[in-house]
Amino acid sequence: MNTLSRRSFLKRGAGAAIGGLLPLSLVEVAFADKRRNFTFAYISDSHIQHIKGNQFVRNWDRGLIRAVAETNLMDPKPDFVMYGGDLAQLGTKAELDHGLELLGALRPHTRFVMGEHDYYLDLGEYWSKLLGPQYYSFDHKGVHFVVLNSILTYDKWINKWSTPEERMNVMAGLDNPLGSPFMVGAKQRAWLKQDLAKVSKDTPVVVFSHSPLQKIYKGWNFWTEDAEQVQALLKPFKQVTVFYGHVHQIQYNQIGNISFYSAMATAWPWPYPATYNQKPSHLPKLTVEMNRADPFFERDATGWQFIDVWSGRATVHYSLPENTPRTVAYNPKTRRPEDTRYQKKRIPPQKHY
Amino acid sequence: MKRTTILLSALLLAAPAAADEFTEADLKRWQAEFQTVVKRGRAAFTDPKLGSNGVVCAQCHPNAANTHPETYPKFQKQLGRVAELWEMVNWCIQNPLEGEPLAADDPRMIALQAYINWERRGAKLAPGKH
């Protein structure tokens with residue numbers, strides 16, 4: 001297992017100057033043969049929000065700008081960047097254009113996952129025009145990567161609104177009871193089955209989705225309706241890792257052979273669903289929560305992560321703006337992801353509230 | 001005029017006996033009044049016009065989660081003193097929402113607090129807790 005310090009990824013000097021404040025993820029894919037190791041960065045949920053004219057919500061802009069800056073300072077340089085979805089807040093051309101302009105400063109090649117905030121205005125049309133297919137796969141240095149559009153929903157819901165703006169506004173409200181559950185859908189599952197058919201069962205598989213491919217809390221769409229069906233397609237593989245955004249907080253889980261890790265947002269943090277005391281939720285028992293009792297700092301929990309995938313398994317380093325960094329690593333003995341320091345005590349790791 | 005006089009005298013007559021009595025209809029009305037304000041609060045909580053930049057309270061606080069109304073009054077680092085919930089609501093309006101603060105008795109402020117408390121009903125009072 002690699003125990004990388006976050007600083008080791010930053011070029012000396014420049015890294016010290018910007019401090020430990022930037023929200024993104026760096027992923028190292030490591031193998032028994034270290035020459036095969038590689039890293040990639042993972043940035044998610046920037047929610048670029050247009051006010052009017054050339055004005056955008058500066059708080060969200062700043063989060064993404066800092067993530068981009070730190071990614072460019074990574075050493076070793078990440079092979080590529082994965083953007084985890086929700087680049088825009090209300091899916092407009094202005095927001096997607098502005099978000100991509102900020103991401104344009106990234107030196108490594110960037111790939112994208114579709115988020116619901118990018119999608120429900122024009123059903124992904126402008127996003128696809130700029131960025132291409134909404135689901136795809138690629139191979140990189142011995143790992144099979146799959147990107148899914150997991151935020152689709154029922155046609156009946158999609159067509160019930162009088163305007164695209166109305167539809168987008170409803171889906172943009174996380175707690176809006178008029179929303180609809182996310183899903184990958186039959187068409188994409190058929191594609192995934194076909195795509196995976198040509199991959200050896202020994203090949204590490206890494207899947208990116210925006211929503212969790214597991215069911216946590218339906219009320220906030222921490223949920224994918226056909227999660228079990230997607231998990232079933234991934235079951236034959238020895239090493240599967242799913243990375244997802246959407247939840248704006250640290251979560252991790254193990255279901256059968258599949259390890260799950262969430263990404264933090266660059267925009268704002270979300271409370272854990274259990275803090276809404278009117279409804280039951282199912283946060284993975286494994287997850288040691290972030291300490292979010294009363295964040296004084298409104299960007300708390302908008303940290304960043306870098307992830308080593310060694311022998312097809314992941315070690316995720318979560319760096320928080322004003323808190324102790326956390327490392328969640330796959331433990332081969334217990335066969336599940338565990339926080340390397342806080343798992344046994346099960347205490348919230350942060351001192352900063 | 002005649003009608004008013006009759007009503008008034010009826011009230012005067014009934015007053016001593018009925019002082020602490022209320023009916024099922026009263027309870028319903030009061031509950032409906034409260035829920036109307038809760039609804040207005042939810043509307044303000046999701047209103048892009050509450051601040052100046054289109055950001056809404058519910059963006060960071062789905063179902064008003066992580067507002068902890070049961071912990072107020074308490075020390076707020078942002079304000080440097082022990083404060084009430086409405087003062088913290090104003091901090092949010094002025095900072096993430098980049099808007100103008102509301103008066104303590106502004107109907108929108110009362111509605112916001114009614115909504116926040118309603119979503120958090122059942123939580124044990126814990127003033128000062130962090």
# chains A, B, ... in the order shown; residues from 1 in each chain; ligands from 1
>>> interface_residues(of="chain B", to="chain A", cutoff="7 Å", atoms="only C-alpha atoms", output="list in words")
Asn53, Gly54, Cys60, Pro62, Asn63, Ala65, Asn66, Lys77, Gln78, Arg120 and His130 of chain B
>>> residues_around(residues="Val56 of chain B", least_positions_apart="3", cutoff="8 Å", atoms="only C-alpha atoms", output="MDAnalysis selection string")
chainID B and resid 45:48 50:51 59:60 97
>>> residues_around(residues="Gly63 of chain A", least_positions_apart="2", cutoff="9 Å", atoms="only C-alpha atoms", output="mmCIF file with C-alpha atoms, in the first residue's frame")
data_model
loop_
_atom_site.group_PDB
_atom_site.id
_atom_site.type_symbol
_atom_site.label_atom_id
_atom_site.label_comp_id
_atom_site.auth_asym_id
_atom_site.auth_seq_id
_atom_site.Cartn_x
_atom_site.Cartn_y
_atom_site.Cartn_z
ATOM 1 C CA LEU A 22 -7.913 22.916 -2.317
ATOM 2 C CA PRO A 23 -10.800 20.658 -3.171
ATOM 3 C CA SER A 46 -18.580 22.750 -8.569
ATOM 4 C CA ARG A 58 -17.915 33.800 -6.588
ATOM 5 C CA ASN A 59 -17.892 31.306 -3.715
ATOM 6 C CA TRP A 60 -18.458 28.376 -6.120
ATOM 7 C CA ASP A 61 -16.043 29.824 -8.696
ATOM 8 C CA ILE A 65 -10.362 27.687 -9.446
ATOM 9 C CA ARG A 66 -8.387 26.411 -6.453
ATOM 10 C CA ALA A 67 -8.940 22.793 -7.405
ATOM 11 C CA VAL A 68 -7.622 23.483 -10.892
ATOM 12 C CA ALA A 265 -17.586 18.927 -3.626
ATOM 13 C CA THR A 266 -15.662 22.047 -4.555
ATOM 14 C CA ALA A 267 -18.827 24.122 -3.983
ATOM 15 C CA TRP A 268 -20.457 23.494 -0.590
ATOM 16 C CA ARG A 299 -16.523 25.692 2.896
ATOM 17 C CA THR A 302 -15.264 20.838 0.567
#
>>> closest_residue(among="A:Leu148, A:Leu192, A:Val328, A:Ala69", to="Ala263 of chain A", atoms="only C-alpha atoms")
A:Val328
>>> residues_around(residues="Trp86 of chain B", least_positions_apart="4", cutoff="9 Å", atoms="only C-alpha atoms", output="mmCIF file with C-alpha atoms, in the first residue's frame")
data_model
loop_
_atom_site.group_PDB
_atom_site.id
_atom_site.type_symbol
_atom_site.label_atom_id
_atom_site.label_comp_id
_atom_site.auth_asym_id
_atom_site.auth_seq_id
_atom_site.Cartn_x
_atom_site.Cartn_y
_atom_site.Cartn_z
ATOM 1 C CA ASN B 90 -28.858 36.795 8.777
ATOM 2 C CA TRP B 91 -25.202 35.775 8.681
ATOM 3 C CA LEU B 102 -33.778 40.956 7.746
ATOM 4 C CA ALA B 103 -35.193 42.581 10.893
ATOM 5 C CA ALA B 104 -35.815 40.162 13.771
ATOM 6 C CA MET B 109 -37.536 35.915 9.305
ATOM 7 C CA ILE B 110 -40.308 34.528 11.499
ATOM 8 C CA LEU B 112 -37.851 31.017 8.068
ATOM 9 C CA GLN B 113 -37.543 30.103 11.741
#
>>> residues_around(residues="Leu85 of chain B", least_positions_apart="2", cutoff="10 Å", atoms="only C-alpha atoms", output="PyMOL selection string")
chain B and resi 67-74+76+83+87-91+113+116
>>> write_last_selection(atoms="C-alpha atoms", output="compact mmCIF listing (two decimals), in the first residue's frame")
# COMPACT_ATOMS: atom_id res chain seq x y z
CA THR B 67 -29.33 24.35 11.11
CA HIS B 68 -29.68 23.00 14.67
CA PRO B 69 -32.40 25.38 15.93
CA GLU B 70 -32.45 23.41 19.19
CA THR B 71 -28.90 24.55 20.05
CA TYR B 72 -29.67 28.30 20.14
CA PRO B 73 -28.85 30.61 21.76
CA LYS B 74 -25.18 29.66 21.48
CA GLN B 76 -21.21 31.79 17.11
CA ALA B 83 -26.48 34.70 19.38
CA GLU B 87 -28.90 36.31 13.83
CA MET B 88 -27.23 33.29 12.29
CA VAL B 89 -29.87 33.21 9.54
CA ASN B 90 -28.86 36.79 8.78
CA TRP B 91 -25.20 35.77 8.68
CA GLN B 113 -37.54 30.10 11.74
CA ILE B 116 -36.47 25.46 10.30
>>> residues_around(residues="Val316 of chain A", least_positions_apart="3", cutoff="6 Å", atoms="only C-alpha atoms", output="list in words")
Phe306, Ile307, Thr327, Val328 and Ala329 of chain A
>>> write_last_selection(atoms="C-alpha atoms", output="PDB file, in the first residue's frame")
ATOM      1  CA  PHE A 306      -6.231  11.704  -4.057  1.00  0.00           C
ATOM      2  CA  ILE A 307      -6.558   8.035  -4.522  1.00  0.00           C
ATOM      3  CA  THR A 327      -7.010   8.367   4.607  1.00  0.00           C
ATOM      4  CA  VAL A 328      -9.504   5.670   3.731  1.00  0.00           C
ATOM      5  CA  ALA A 329      -7.802   2.569   2.366  1.00  0.00           C
TER       6      ALA A 329
END
>>> atom_distance(atom1="atom CA of Ala126 of chain B", atom2="atom CA of Asn291 of chain A")
17.7 Å
>>> select_by_dssp(residues="segment 60-290 of chain A", states="strand (DSSP E)", output="ChimeraX atom specification")
/A:80-83,109-112,136-140,143-147,205-209,240-244,252-255,258-262
>>> atom_distance(atom1="atom CA of Leu87 of chain A", atom2="atom CA of Asp122 of chain A")
14.7 Å
